[in-house]
$ cat entry33.cif   # mmCIF, C-alpha atoms and all ligand atoms
data_input
loop_
_atom_site.label_atom_id
_atom_site.label_comp_id
_atom_site.auth_asym_id
_atom_site.auth_seq_id
_atom_site.Cartn_x
_atom_site.Cartn_y
_atom_site.Cartn_z
CA MET A 1 -58.85 73.55 131.03
CA ALA A 2 -56.79 70.42 131.77
CA LYS A 3 -54.13 69.50 129.25
CA ARG A 4 -55.56 67.11 126.70
CA LEU A 5 -54.60 64.44 124.22
CA GLY A 6 -57.02 62.74 121.83
CA ILE A 7 -57.16 59.21 120.46
CA LEU A 8 -59.15 57.42 117.77
CA THR A 9 -59.11 53.92 116.30
CA GLY A 10 -59.72 53.66 112.55
CA GLY A 11 -59.85 50.99 109.84
CA GLY A 12 -60.62 47.33 110.51
CA ASP A 13 -60.53 46.41 114.18
CA CYS A 14 -58.06 43.94 115.65
CA PRO A 15 -57.24 42.43 119.03
CA GLY A 16 -55.14 44.82 121.13
CA LEU A 17 -56.84 48.14 120.34
CA ASN A 18 -58.28 48.37 123.84
CA ALA A 19 -54.88 47.64 125.33
CA VAL A 20 -53.47 50.63 123.41
CA ILE A 21 -56.28 52.89 124.62
CA ARG A 22 -55.74 51.72 128.20
CA ALA A 23 -51.97 52.26 128.14
CA ALA A 24 -52.23 55.69 126.50
CA ALA A 25 -54.89 56.76 129.02
CA LYS A 26 -52.89 55.52 132.02
CA THR A 27 -49.75 57.29 130.77
CA ALA A 28 -51.64 60.52 130.06
CA TYR A 29 -53.33 60.43 133.45
CA ARG A 30 -50.04 59.92 135.26
CA HIS A 31 -48.78 63.12 133.59
CA HIS A 32 -51.99 64.98 134.54
CA TYR A 33 -53.35 64.97 131.01
CA GLU A 34 -56.89 64.03 129.99
CA LEU A 35 -57.35 61.59 127.13
CA ILE A 36 -60.37 62.16 124.90
CA GLY A 37 -61.48 59.19 122.80
CA PHE A 38 -63.26 59.94 119.51
CA ARG A 39 -65.90 57.41 118.55
CA ASP A 40 -65.90 55.43 115.31
CA GLY A 41 -62.58 56.60 113.89
CA TYR A 42 -62.42 59.95 112.12
CA ALA A 43 -66.24 60.07 112.13
CA GLY A 44 -66.29 60.95 115.84
CA LEU A 45 -63.82 63.77 115.23
CA VAL A 46 -65.84 65.24 112.37
CA GLU A 47 -69.21 64.73 114.03
CA GLY A 48 -68.19 65.69 117.57
CA ARG A 49 -68.81 62.30 119.21
CA TYR A 50 -66.34 61.48 121.95
CA LEU A 51 -65.88 60.40 125.56
CA GLN A 52 -63.39 61.07 128.29
CA LEU A 53 -61.12 58.11 128.92
CA ASP A 54 -60.80 58.56 132.67
CA PRO A 55 -59.77 55.69 134.96
CA PRO A 56 -63.29 54.16 135.30
CA ALA A 57 -63.75 54.26 131.49
CA ILE A 58 -60.61 52.20 130.88
CA SER A 59 -61.05 49.70 133.66
CA GLY A 60 -61.10 46.00 132.64
CA LEU A 61 -59.99 46.67 129.07
CA LEU A 62 -56.74 44.79 128.67
CA HIS A 63 -58.11 41.43 127.64
CA ARG A 64 -61.05 42.69 125.60
CA GLY A 65 -61.01 42.33 121.80
CA GLY A 66 -62.35 45.04 119.47
CA THR A 67 -62.28 48.71 120.47
CA ILE A 68 -64.47 50.45 123.02
CA LEU A 69 -64.26 53.56 120.84
CA GLY A 70 -65.69 51.86 117.77
CA THR A 71 -64.08 52.15 114.35
CA ASN A 72 -64.91 52.34 110.67
CA ASN A 73 -62.99 51.91 107.46
CA ARG A 74 -65.06 54.25 105.35
CA LYS A 75 -65.24 57.81 106.60
CA ASP A 76 -62.19 59.62 105.24
CA PRO A 77 -62.20 63.19 106.67
CA PHE A 78 -60.60 64.49 103.47
CA ASN A 79 -63.40 62.97 101.39
CA TYR A 80 -66.25 62.70 103.84
CA PRO A 81 -69.62 61.22 102.86
CA VAL A 82 -72.42 63.73 103.49
CA LYS A 83 -76.13 63.19 102.76
CA GLU A 84 -78.03 66.25 101.57
CA ASN A 85 -81.65 66.05 100.39
CA GLY A 86 -81.27 62.28 100.23
CA ARG A 87 -78.24 62.53 97.92
CA LEU A 88 -74.77 61.39 98.87
CA SER A 89 -71.85 63.70 98.16
CA TYR A 90 -68.29 63.95 99.44
CA ARG A 91 -66.67 66.93 101.19
CA ASP A 92 -63.29 67.77 102.62
CA MET A 93 -64.02 68.07 106.36
CA SER A 94 -60.39 68.25 107.46
CA ASP A 95 -60.42 72.01 108.29
CA TRP A 96 -63.55 71.49 110.34
CA ALA A 97 -61.91 68.60 112.21
CA MET A 98 -58.79 70.66 112.79
CA GLU A 99 -60.82 73.52 114.30
CA ARG A 100 -62.63 71.06 116.54
CA LEU A 101 -59.29 69.80 117.90
CA GLN A 102 -58.20 73.38 118.61
CA GLU A 103 -61.49 74.29 120.30
CA MET A 104 -61.24 71.23 122.49
CA GLY A 105 -57.67 72.06 123.46
CA ILE A 106 -56.31 68.75 122.20
CA GLU A 107 -52.55 69.10 121.93
CA VAL A 108 -51.83 65.88 120.04
CA LEU A 109 -54.12 63.35 118.37
CA LEU A 110 -53.10 59.68 118.61
CA VAL A 111 -54.33 57.81 115.54
CA VAL A 112 -54.41 54.03 115.79
CA GLY A 113 -54.77 52.48 112.35
CA GLY A 114 -53.51 50.64 109.31
CA ASP A 115 -52.24 52.27 106.13
CA GLY A 116 -55.56 53.95 105.18
CA THR A 117 -56.10 55.59 108.59
CA LEU A 118 -52.43 56.50 108.92
CA SER A 119 -52.43 58.13 105.46
CA GLY A 120 -55.15 60.38 106.88
CA ALA A 121 -52.89 61.10 109.88
CA ARG A 122 -50.05 62.02 107.51
CA ASP A 123 -52.36 64.39 105.60
CA PHE A 124 -53.44 66.02 108.88
CA LYS A 125 -49.77 66.42 109.76
CA HIS A 126 -49.22 68.27 106.47
CA LYS A 127 -52.03 70.65 107.46
CA GLY A 128 -50.25 71.42 110.73
CA VAL A 129 -52.15 69.10 113.07
CA ARG A 130 -50.03 67.45 115.77
CA VAL A 131 -50.58 63.71 115.28
CA ILE A 132 -48.89 60.47 116.29
CA GLY A 133 -49.63 57.19 114.50
CA ILE A 134 -49.88 53.81 116.18
CA PRO A 135 -49.72 50.83 113.78
CA LYS A 136 -52.37 48.13 114.02
CA THR A 137 -53.55 45.45 111.63
CA ILE A 138 -53.86 41.70 111.62
CA ASP A 139 -52.26 41.80 108.15
CA ASN A 140 -48.81 42.84 109.51
CA ASP A 141 -48.25 44.71 106.25
CA LEU A 142 -46.90 48.09 107.43
CA ALA A 143 -43.38 48.70 106.17
CA ALA A 144 -42.02 50.82 109.02
CA THR A 145 -42.62 48.41 111.89
CA ASP A 146 -41.31 44.91 112.36
CA GLN A 147 -44.70 43.82 113.67
CA THR A 148 -48.19 45.21 114.22
CA PHE A 149 -50.33 44.11 117.14
CA GLY A 150 -53.31 41.95 116.19
CA PHE A 151 -51.17 39.79 113.92
CA ASP A 152 -50.08 37.33 116.60
CA THR A 153 -53.65 36.75 117.76
CA ALA A 154 -54.85 36.27 114.18
CA VAL A 155 -52.10 33.70 113.56
CA ARG A 156 -53.11 31.83 116.70
CA THR A 157 -56.75 31.78 115.61
CA ALA A 158 -55.80 30.54 112.14
CA THR A 159 -53.49 27.89 113.62
CA ASP A 160 -56.28 26.68 115.85
CA ALA A 161 -58.55 26.38 112.80
CA LEU A 162 -55.86 24.37 110.99
CA ASP A 163 -55.53 21.99 113.95
CA LYS A 164 -59.27 21.37 113.75
CA LEU A 165 -59.29 20.94 109.98
CA HIS A 166 -56.46 18.42 110.22
CA THR A 167 -58.48 15.85 112.15
CA THR A 168 -61.48 15.99 109.87
CA ALA A 169 -59.29 15.99 106.72
CA GLU A 170 -57.55 12.87 107.97
CA SER A 171 -60.78 11.05 108.87
CA HIS A 172 -62.38 11.69 105.48
CA HIS A 173 -59.24 11.43 103.30
CA ARG A 174 -60.02 14.84 101.86
CA VAL A 175 -58.28 18.00 100.91
CA MET A 176 -59.16 20.90 103.19
CA VAL A 177 -58.61 24.42 101.91
CA LEU A 178 -58.49 27.27 104.43
CA GLU A 179 -58.78 30.84 103.13
CA LEU A 180 -57.14 33.42 105.35
CA MET A 181 -57.07 37.23 105.42
CA GLY A 182 -54.02 39.45 104.99
CA ARG A 183 -54.90 41.54 101.93
CA TYR A 184 -51.90 41.80 99.60
CA ALA A 185 -49.46 40.19 102.06
CA GLY A 186 -49.22 36.52 102.94
CA TRP A 187 -47.98 36.87 106.54
CA ILE A 188 -50.98 35.30 108.28
CA ALA A 189 -51.00 32.41 105.78
CA LEU A 190 -47.25 31.81 106.06
CA TYR A 191 -47.01 31.88 109.86
CA SER A 192 -50.17 29.88 110.53
CA GLY A 193 -49.42 27.49 107.67
CA LEU A 194 -46.08 26.72 109.29
CA ALA A 195 -47.54 26.52 112.78
CA GLY A 196 -50.53 24.45 111.68
CA GLY A 197 -48.66 21.95 109.51
CA ALA A 198 -50.05 22.96 106.11
CA ASP A 199 -48.92 20.95 103.09
CA VAL A 200 -49.43 23.77 100.61
CA ILE A 201 -49.35 27.52 101.32
CA LEU A 202 -50.41 29.92 98.59
CA ILE A 203 -49.42 33.54 99.15
CA PRO A 204 -49.60 36.65 96.96
CA GLU A 205 -45.82 37.02 96.89
CA ILE A 206 -45.19 33.67 95.11
CA PRO A 207 -46.88 32.86 91.77
CA TRP A 208 -48.63 29.50 91.94
CA HIS A 209 -50.07 26.98 89.48
CA ILE A 210 -52.73 24.36 90.13
CA ASP A 211 -50.36 21.67 88.78
CA GLY A 212 -47.91 22.58 91.56
CA VAL A 213 -50.67 22.23 94.17
CA LEU A 214 -51.83 18.90 92.72
CA ALA A 215 -48.27 17.58 92.52
CA LYS A 216 -47.89 18.00 96.29
CA ILE A 217 -51.29 16.47 97.08
CA ARG A 218 -50.55 13.48 94.81
CA ALA A 219 -47.08 13.01 96.26
CA ARG A 220 -48.68 12.75 99.69
CA GLN A 221 -51.25 10.27 98.40
CA ALA A 222 -48.40 8.19 96.98
CA GLU A 223 -46.79 8.20 100.44
CA GLY A 224 -50.01 6.81 101.93
CA LYS A 225 -51.36 10.16 103.15
CA PRO A 226 -54.68 10.62 101.38
CA PHE A 227 -55.45 13.97 102.97
CA SER A 228 -53.86 17.40 102.60
CA ILE A 229 -54.19 20.86 104.06
CA VAL A 230 -53.98 23.83 101.69
CA VAL A 231 -53.73 27.35 103.13
CA VAL A 232 -54.78 30.12 100.75
CA ALA A 233 -54.10 33.80 101.41
CA GLU A 234 -57.00 35.93 100.18
CA GLY A 235 -54.63 38.08 98.13
CA ILE A 236 -53.42 35.42 95.67
CA LYS A 237 -54.16 35.98 92.01
CA SER A 238 -56.36 33.76 89.83
CA PRO A 239 -54.78 31.63 87.07
CA GLN A 240 -55.67 34.57 84.77
CA GLY A 241 -53.54 36.83 86.95
CA GLU A 242 -56.38 38.74 88.58
CA LEU A 243 -57.18 39.49 92.21
CA VAL A 244 -60.18 37.61 93.57
CA VAL A 245 -62.52 40.39 94.67
CA LYS A 246 -65.59 39.90 96.85
CA ARG A 247 -66.91 43.45 96.77
CA VAL A 248 -65.99 47.02 96.03
CA VAL A 249 -66.77 49.56 98.76
CA GLU A 250 -66.91 52.87 96.93
CA ASP A 251 -66.77 55.20 99.94
CA SER A 252 -63.76 53.51 101.51
CA ALA A 253 -60.13 54.62 101.21
CA GLU A 254 -59.32 50.96 100.46
CA LYS A 255 -62.15 50.13 98.05
CA VAL A 256 -61.34 46.52 97.18
CA ARG A 257 -62.46 43.77 99.56
CA LEU A 258 -60.85 40.45 98.72
CA GLY A 259 -62.54 37.08 99.05
CA GLY A 260 -63.20 33.89 97.09
CA ALA A 261 -59.63 32.72 96.52
CA GLY A 262 -60.20 29.61 98.67
CA GLN A 263 -63.28 28.57 96.66
CA MET A 264 -61.35 29.15 93.44
CA VAL A 265 -58.49 26.87 94.56
CA GLY A 266 -60.86 24.24 95.98
CA LYS A 267 -62.79 24.10 92.71
CA LEU A 268 -59.60 23.72 90.69
CA ILE A 269 -58.39 20.87 92.92
CA GLU A 270 -61.68 19.01 92.43
CA GLU A 271 -62.03 19.72 88.69
CA ARG A 272 -58.42 19.21 87.61
CA GLY A 273 -57.39 16.69 90.24
CA GLY A 274 -60.65 14.79 90.84
CA ILE A 275 -59.91 14.96 94.58
CA GLU A 276 -62.71 15.59 97.08
CA THR A 277 -62.15 19.00 98.65
CA ARG A 278 -63.85 21.23 101.20
CA VAL A 279 -63.26 24.94 101.64
CA THR A 280 -63.38 26.96 104.87
CA VAL A 281 -63.20 30.74 104.93
CA LEU A 282 -62.05 31.88 108.36
CA GLY A 283 -63.03 35.50 107.70
CA HIS A 284 -63.54 38.00 110.48
CA ILE A 285 -63.00 35.42 113.21
CA GLN A 286 -59.34 36.31 112.63
CA ARG A 287 -60.02 39.84 113.84
CA GLY A 288 -61.99 38.90 116.93
CA GLY A 289 -61.40 37.61 120.42
CA SER A 290 -59.11 38.38 123.28
CA PRO A 291 -55.59 39.53 122.30
CA SER A 292 -52.71 37.12 122.87
CA ALA A 293 -50.19 37.97 125.59
CA TYR A 294 -47.76 39.09 122.87
CA ASP A 295 -50.30 41.49 121.36
CA ARG A 296 -51.29 42.86 124.78
CA VAL A 297 -47.66 43.65 125.54
CA LEU A 298 -46.93 45.19 122.12
CA ALA A 299 -50.14 47.25 122.21
CA THR A 300 -49.36 48.44 125.73
CA ARG A 301 -45.83 49.45 124.68
CA PHE A 302 -47.17 51.34 121.64
CA GLY A 303 -49.89 53.15 123.64
CA GLN A 304 -47.49 54.15 126.40
CA ALA A 305 -44.78 55.28 123.97
CA ALA A 306 -47.19 57.34 121.85
CA ALA A 307 -48.64 59.18 124.85
CA GLU A 308 -45.17 59.76 126.27
CA LEU A 309 -43.93 61.22 122.94
CA ALA A 310 -46.97 63.49 122.72
CA ILE A 311 -46.33 64.81 126.22
CA GLN A 312 -42.67 65.38 125.36
CA GLY A 313 -43.78 67.48 122.36
CA ILE A 314 -42.76 64.98 119.69
CA HIS A 315 -45.32 64.41 116.91
CA GLY A 316 -45.69 63.79 113.18
CA VAL A 317 -44.35 60.28 113.74
CA MET A 318 -45.57 56.70 114.05
CA VAL A 319 -44.41 54.50 116.91
CA CYS A 320 -42.95 51.24 115.69
CA LEU A 321 -41.15 48.08 116.71
CA GLN A 322 -37.55 47.79 115.55
CA GLY A 323 -36.12 44.47 116.63
CA SER A 324 -37.16 44.31 120.27
CA GLU A 325 -37.15 48.10 120.82
CA ILE A 326 -39.99 50.58 120.49
CA SER A 327 -38.96 53.50 118.32
CA HIS A 328 -40.63 56.00 115.97
CA VAL A 329 -40.41 57.01 112.31
CA PRO A 330 -41.87 59.95 110.35
CA LEU A 331 -45.49 59.30 109.35
CA GLU A 332 -44.55 59.68 105.68
CA GLU A 333 -42.24 56.69 105.98
CA ALA A 334 -44.91 54.69 107.79
CA VAL A 335 -47.33 54.76 104.88
CA SER A 336 -44.89 54.81 101.98
CA LYS A 337 -45.12 51.14 101.09
CA LEU A 338 -46.60 47.81 102.10
CA ARG A 339 -44.53 45.20 103.87
CA THR A 340 -44.98 42.04 101.83
CA ILE A 341 -42.98 38.84 102.23
CA PRO A 342 -39.66 38.84 100.37
CA PRO A 343 -39.70 35.61 98.30
CA ASP A 344 -36.31 34.65 99.78
CA HIS A 345 -37.50 35.22 103.38
CA GLN A 346 -35.98 32.75 105.82
CA LEU A 347 -39.42 31.39 106.77
CA ILE A 348 -40.08 30.53 103.12
CA GLN A 349 -36.79 28.70 102.98
CA THR A 350 -37.64 26.84 106.19
CA ALA A 351 -41.05 25.90 104.83
CA ARG A 352 -39.56 24.63 101.58
CA ALA A 353 -36.88 22.70 103.45
CA ILE A 354 -39.52 20.73 105.34
CA GLY A 355 -41.47 19.94 102.18
CA ILE A 356 -44.20 22.59 102.20
CA SER A 357 -45.23 23.53 98.66
CA PHE A 358 -45.96 27.08 97.53
CA GLY A 359 -47.76 25.74 94.47
CA GLU A 360 -44.88 26.36 92.11
CA ILE A 361 -44.18 24.12 89.15
O1 LIG B 1 -56.98 44.84 106.92
C1 LIG B 1 -57.62 43.94 107.78
C2 LIG B 1 -58.60 43.09 107.02
O2 LIG B 1 -59.19 42.17 107.93
C3 LIG B 1 -58.01 42.35 105.82
O3 LIG B 1 -57.27 41.22 106.21
C4 LIG B 1 -59.26 42.06 105.04
O4 LIG B 1 -58.94 41.91 103.66
C5 LIG B 1 -60.10 43.28 105.27
O5 LIG B 1 -59.64 43.88 106.46
C6 LIG B 1 -61.58 43.01 105.38
O6 LIG B 1 -62.26 44.22 105.45
P1 LIG B 1 -63.80 44.35 105.89
O7 LIG B 1 -63.86 44.20 107.38
O8 LIG B 1 -64.20 45.69 105.43
O9 LIG B 1 -64.55 43.24 105.22
#

$ encode --input "entry33.cif" --output "structure tokens"
Amino acid sequence: MAKRLGILTGGGDCPGLNAVIRAAAKTAYRHHYELIGFRDGYAGLVEGRYLQLDPPAISGLLHRGGTILGTNNRKDPFNYPVKENGRLSYRDMSDWAMERLQEMGIEVLLVVGGDGTLSGARDFKHKGVRVIGIPKTIDNDLAATDQTFGFDTAVRTATDALDKLHTTAESHHRVMVLELMGRYAGWIALYSGLAGGADVILIPEIPWHIDGVLAKIRARQAEGKPFSIVVVAEGIKSPQGELVVKRVVEDSAEKVRLGGAGQMVGKLIEERGGIETRVTVLGHIQRGGSPSAYDRVLATRFGQAAAELAIQGIHGVMVCLQGSEISHVPLEEAVSKLRTIPPDHQLIQTARAIGISFGEI
């Protein structure tokens, strides 16, 4: 049997996943390894659904968004949903998955994911499986890497939306609120707010008050600017100090799905400020589309580095970006904490210095 590596993409998709798959496959192939791609995240591993990522299978992938392997952010192999006699129960399928990898002769499994998927990779490592993590998420919230791929493309998409909202806000003398993703980190909101000329940016890391938001909008009105742009990260808390939750997905490692913060802020601006406001929720558009050049390059570097490490016999790590260099850290470190924005981050200082409000009073 030829030497083999495996790869799967788990969690929410993001632009650049296909570029990782392509780079890992090309690297493996050059070293006379086969790369097996499991479909739909860990589900393909548990259920035996996979394909061989040979040169024809990876052709034309670089610019394509999404993942040709499919993904899901529900099926945790350590707590796997199984239907028996119409009833749903959960089972630990990790031993089964481990045996499957052995049977197939897969030396190392490359796991491309965010913190949920990579926690699974860490748990497989502790069972003795040879795994390498590759960090992806538009949220950019993984502590052990300076950046994840997918983030740059999401920021560009959000910036483009802000450019479009600007013209209509100005024409109608309105406040436009844009709700952006990012979970418990405000990176997408901060970067795109800066790039898109937001007047107010609300992020989970900085407590806000509606009076702070209204003060900025009114100051602009007093300067003869009767329109304002307010960027809201989905992870901000309500005035009562609670997360704004859209739904709870019970069979997911990350059960809480955020959503509704933009509507909440828009309503408060209208009710407390008497200022006409419209709310846009950019949603999953942030996860779609062709990856930016930056994300293609980062994803390619990660895919190549991960395959190269696997072939060299290094595993139990996650590849990461440190400054401008690709490096790797133990998987335990990769999932130990979220990377949120330090309140004294230089970008926050820059934003404040040019008059952007974070809704503080
Ligand atoms: O983690 C990526 C992300 O897009 C978050 O920004 C967002 O909160 C979440 O996934 C949405 O999840 P779903 O696709 O399950 O609605």

$ residues_near_ligand --input "entry33.cif" --ligand "ligand LIG 1 (chain B)" --cutoff "7 Å" --atoms "all atoms listed in the file" --output "PDB file with C-alpha atoms, in the frame of the given file"
ATOM      1  CA  GLY A  12     -60.620  47.330 110.510  1.00  0.00           C
ATOM      2  CA  ASN A  73     -62.990  51.910 107.460  1.00  0.00           C
ATOM      3  CA  THR A 137     -53.550  45.450 111.630  1.00  0.00           C
ATOM      4  CA  ILE A 138     -53.860  41.700 111.620  1.00  0.00           C
ATOM      5  CA  ASP A 139     -52.260  41.800 108.150  1.00  0.00           C
ATOM      6  CA  MET A 181     -57.070  37.230 105.420  1.00  0.00           C
ATOM      7  CA  GLY A 182     -54.020  39.450 104.990  1.00  0.00           C
ATOM      8  CA  ARG A 183     -54.900  41.540 101.930  1.00  0.00           C
ATOM      9  CA  ARG A 257     -62.460  43.770  99.560  1.00  0.00           C
ATOM     10  CA  LEU A 258     -60.850  40.450  98.720  1.00  0.00           C
ATOM     11  CA  HIS A 284     -63.540  38.000 110.480  1.00  0.00           C
ATOM     12  CA  ARG A 287     -60.020  39.840 113.840  1.00  0.00           C
TER      13      ARG A 287
END

$ residues_around --input "entry33.cif" --residues "stretch 76-80 of chain A" --least-positions-apart "3" --cutoff "7 Å" --atoms "only C-alpha atoms" --output "PyMOL selection string"
chain A and resi 42+90-94+253

$ residues_around --input "entry33.cif" --residues "A:Glu47" --least-positions-apart "4" --cutoff "10 Å" --atoms "only C-alpha atoms" --output "count of residues only"
9

$ residues_around --input "entry33.cif" --residues "A:Gly260" --least-positions-apart "6" --cutoff "9 Å" --atoms "only C-alpha atoms" --output "PDB file with C-alpha atoms, in the frame of the given file"
ATOM      1  CA  GLU A 179     -58.780  30.840 103.130  1.00  0.00           C
ATOM      2  CA  GLU A 234     -57.000  35.930 100.180  1.00  0.00           C
ATOM      3  CA  VAL A 244     -60.180  37.610  93.570  1.00  0.00           C
ATOM      4  CA  VAL A 245     -62.520  40.390  94.670  1.00  0.00           C
ATOM      5  CA  LYS A 246     -65.590  39.900  96.850  1.00  0.00           C
ATOM      6  CA  VAL A 281     -63.200  30.740 104.930  1.00  0.00           C
TER       7      VAL A 281
END

$ residues_around --input "entry33.cif" --residues "A:Leu321" --least-positions-apart "6" --cutoff "9 Å" --atoms "only C-alpha atoms" --output "list of chain:residue names"
A:Ala144, A:Thr145, A:Asp146, A:Gln147, A:Thr148, A:Leu298, A:Phe302, A:Ser327, A:His328

$ decode --input "entry33.cif" --residues "stretch 36-55 of chain A" --atoms "N, CA, C and O atoms" --output "compact mmCIF listing (two decimals), in the first residue's frame"
# COMPACT_ATOMS: atom_id res chain seq x y z
N ILE A 36 -5.71 11.20 1.59
CA ILE A 36 -7.11 10.79 1.62
C ILE A 36 -7.91 11.89 2.29
O ILE A 36 -7.57 12.33 3.40
N GLY A 37 -8.97 12.35 1.64
CA GLY A 37 -9.80 13.42 2.21
C GLY A 37 -11.09 12.83 2.77
O GLY A 37 -11.85 12.19 2.04
N PHE A 38 -11.34 13.02 4.06
CA PHE A 38 -12.59 12.54 4.67
C PHE A 38 -13.67 13.58 4.47
O PHE A 38 -13.43 14.78 4.65
N ARG A 39 -14.86 13.11 4.12
CA ARG A 39 -15.95 14.04 3.81
C ARG A 39 -16.68 14.50 5.09
O ARG A 39 -16.85 13.73 6.02
N ASP A 40 -17.08 15.75 5.06
CA ASP A 40 -17.93 16.32 6.12
C ASP A 40 -17.31 16.22 7.51
O ASP A 40 -17.97 15.79 8.48
N GLY A 41 -16.08 16.59 7.63
CA GLY A 41 -15.42 16.66 8.94
C GLY A 41 -15.24 15.27 9.53
O GLY A 41 -15.00 14.28 8.82
N TYR A 42 -15.36 15.17 10.86
CA TYR A 42 -15.16 13.89 11.52
C TYR A 42 -16.20 12.85 11.09
O TYR A 42 -15.98 11.65 11.25
N ALA A 43 -17.33 13.31 10.54
CA ALA A 43 -18.39 12.37 10.13
C ALA A 43 -17.86 11.40 9.08
O ALA A 43 -18.13 10.19 9.15
N GLY A 44 -17.07 11.88 8.13
CA GLY A 44 -16.53 11.02 7.08
C GLY A 44 -15.57 9.98 7.62
O GLY A 44 -15.49 8.86 7.11
N LEU A 45 -14.88 10.36 8.70
CA LEU A 45 -13.93 9.42 9.33
C LEU A 45 -14.72 8.31 10.05
O LEU A 45 -14.42 7.13 9.91
N VAL A 46 -15.74 8.71 10.79
CA VAL A 46 -16.54 7.73 11.53
C VAL A 46 -17.35 6.85 10.57
O VAL A 46 -17.47 5.64 10.76
N GLU A 47 -17.89 7.47 9.53
CA GLU A 47 -18.81 6.74 8.66
C GLU A 47 -18.13 6.13 7.42
O GLU A 47 -18.81 5.54 6.57
N GLY A 48 -16.83 6.32 7.31
CA GLY A 48 -16.10 5.72 6.19
C GLY A 48 -16.42 6.36 4.85
O GLY A 48 -16.51 5.69 3.82
N ARG A 49 -16.57 7.67 4.82
CA ARG A 49 -16.81 8.38 3.55
C ARG A 49 -15.58 9.21 3.24
O ARG A 49 -15.22 10.09 4.03
N TYR A 50 -14.95 8.94 2.14
CA TYR A 50 -13.71 9.65 1.81
C TYR A 50 -13.43 9.59 0.31
O TYR A 50 -14.10 8.87 -0.44
N LEU A 51 -12.44 10.35 -0.12
CA LEU A 51 -12.00 10.30 -1.52
C LEU A 51 -10.49 10.48 -1.56
O LEU A 51 -9.90 11.01 -0.61
N GLN A 52 -9.92 10.04 -2.67
CA GLN A 52 -8.48 10.21 -2.81
C GLN A 52 -8.21 11.56 -3.47
O GLN A 52 -8.78 11.86 -4.53
N LEU A 53 -7.34 12.34 -2.83
CA LEU A 53 -7.06 13.67 -3.36
C LEU A 53 -5.85 13.59 -4.30
O LEU A 53 -4.76 14.08 -4.00
N ASP A 54 -6.06 12.96 -5.44
CA ASP A 54 -4.99 12.84 -6.43
C ASP A 54 -4.97 14.10 -7.30
O ASP A 54 -5.85 14.96 -7.17
N PRO A 55 -3.97 14.26 -8.16
CA PRO A 55 -3.87 15.53 -8.89
C PRO A 55 -5.17 15.97 -9.61
O PRO A 55 -5.55 17.14 -9.49
